[in-house]
Amino acid sequence: MTNKFDAIVIGAGSVGNPTAFFLSEAGYKVLVIEELSSSGQGQNKAAIGGVRATHSDPAKIQLCLESLEIFSNWEKRTGTDIGWKEGGYCFPVYGEREECILKGILPIQKEHGLSIDWKDESEIRSIVPGINEKGLIGGT
């Protein structure tokens, strides 16, 4: 018996998995070759598992907004509960340099549809109870 595939994906990590998924969803017969015993067990396994769009590069923002859409609808789309929890990201700032950087990218982030603002120190404390307050300036 000869197996025929439309695509062969090498690696089942953060690039290989979605590549195989979307090729398969588009109707292609896909073979995934992975050296580990199951997918998603490589370097990215140690990541915190968060998905965010709060970047400075418009392409990354758009890519991550699409990722948020995919993950937030995953169970509806596939029937599999991946434990998705919608929340948010807080970037606390303790230095003037970081404050300038985050305030500087806010216009780019807002221009690309992110609901994000600068919050002063007291607002950050109320958003993140128990945060280290020493030197806290604010954040996004």
# chains A, B, ... in the order shown; residues from 1 in each chain; ligands from 1
>>> residues_around(residues="Leu106 in chain A", least_positions_apart="2", cutoff="9 Å", atoms="only C-alpha atoms", output="ChimeraX atom specification")
/A:56,101-104,108-111,114,116-118,140
>>> residues_around(residues="Glu121 in chain A", least_positions_apart="4", cutoff="8 Å", atoms="only C-alpha atoms", output="NGL selection string")
:A and (125 or 136-139)
>>> write_last_selection(atoms="N, CA and C atoms", output="compact mmCIF listing (two decimals), in the first residue's frame")
# COMPACT_ATOMS: atom_id res chain seq x y z
N ARG A 125 -2.03 49.03 40.59
CA ARG A 125 -2.21 48.35 41.88
C ARG A 125 -3.61 47.77 42.01
N LEU A 136 7.11 51.17 41.42
CA LEU A 136 6.10 51.05 40.36
C LEU A 136 5.71 52.44 39.86
N ILE A 137 5.80 52.64 38.55
CA ILE A 137 5.45 53.91 37.91
C ILE A 137 4.05 53.85 37.33
N GLY A 138 3.73 52.74 36.72
CA GLY A 138 2.46 52.56 36.02
C GLY A 138 2.61 51.37 35.10
N GLY A 139 1.90 51.41 33.98
CA GLY A 139 2.01 50.33 33.00
C GLY A 139 0.88 50.36 31.99
>>> closest_residue(among="A:Ser115, A:Thr78, A:Ser126, A:Ser37", to="Leu65 in chain A", atoms="only C-alpha atoms")
A:Ser115
>>> residues_around(residues="range 13-20 of chain A", least_positions_apart="5", cutoff="8 Å", atoms="only C-alpha atoms", output="VMD selection string")
chain A and resid 30 to 32 39 to 42 44
>>> select_by_dssp(residues="chain A", states="helix (DSSP H, G or I)", output="VMD selection string")
chain A and resid 16 to 25 43 to 46 58 to 72 74 to 78 96 to 111 121 to 127
>>> residues_around(residues="Gly88 in chain A", least_positions_apart="3", cutoff="12 Å", atoms="only C-alpha atoms", output="ChimeraX atom specification")
/A:50-54,68,85,91,114-116,127-128,140
>>> write_last_selection(atoms="C-alpha atoms", output="PDB file, in the first residue's frame")
ATOM      1  CA  GLY A  50      -0.094  33.122  26.941  1.00  0.00           C
ATOM      2  CA  VAL A  51      -1.271  34.616  23.678  1.00  0.00           C
ATOM      3  CA  ARG A  52      -1.124  38.390  23.334  1.00  0.00           C
ATOM      4  CA  ALA A  53      -1.219  41.027  20.623  1.00  0.00           C
ATOM      5  CA  THR A  54       0.517  43.779  22.564  1.00  0.00           C
ATOM      6  CA  LEU A  68      -6.506  35.160  19.687  1.00  0.00           C
ATOM      7  CA  LYS A  85      -9.158  31.443  29.571  1.00  0.00           C
ATOM      8  CA  PHE A  91       2.980  45.254  31.643  1.00  0.00           C
ATOM      9  CA  LEU A 114      -5.932  47.037  20.493  1.00  0.00           C
ATOM     10  CA  SER A 115      -7.865  48.245  23.506  1.00  0.00           C
ATOM     11  CA  ILE A 116      -4.877  49.397  25.525  1.00  0.00           C
ATOM     12  CA  ILE A 127      -5.730  45.797  38.460  1.00  0.00           C
ATOM     13  CA  VAL A 128      -3.022  43.555  39.947  1.00  0.00           C
ATOM     14  CA  THR A 140      -0.168  49.229  30.150  1.00  0.00           C
TER      15      THR A 140
END
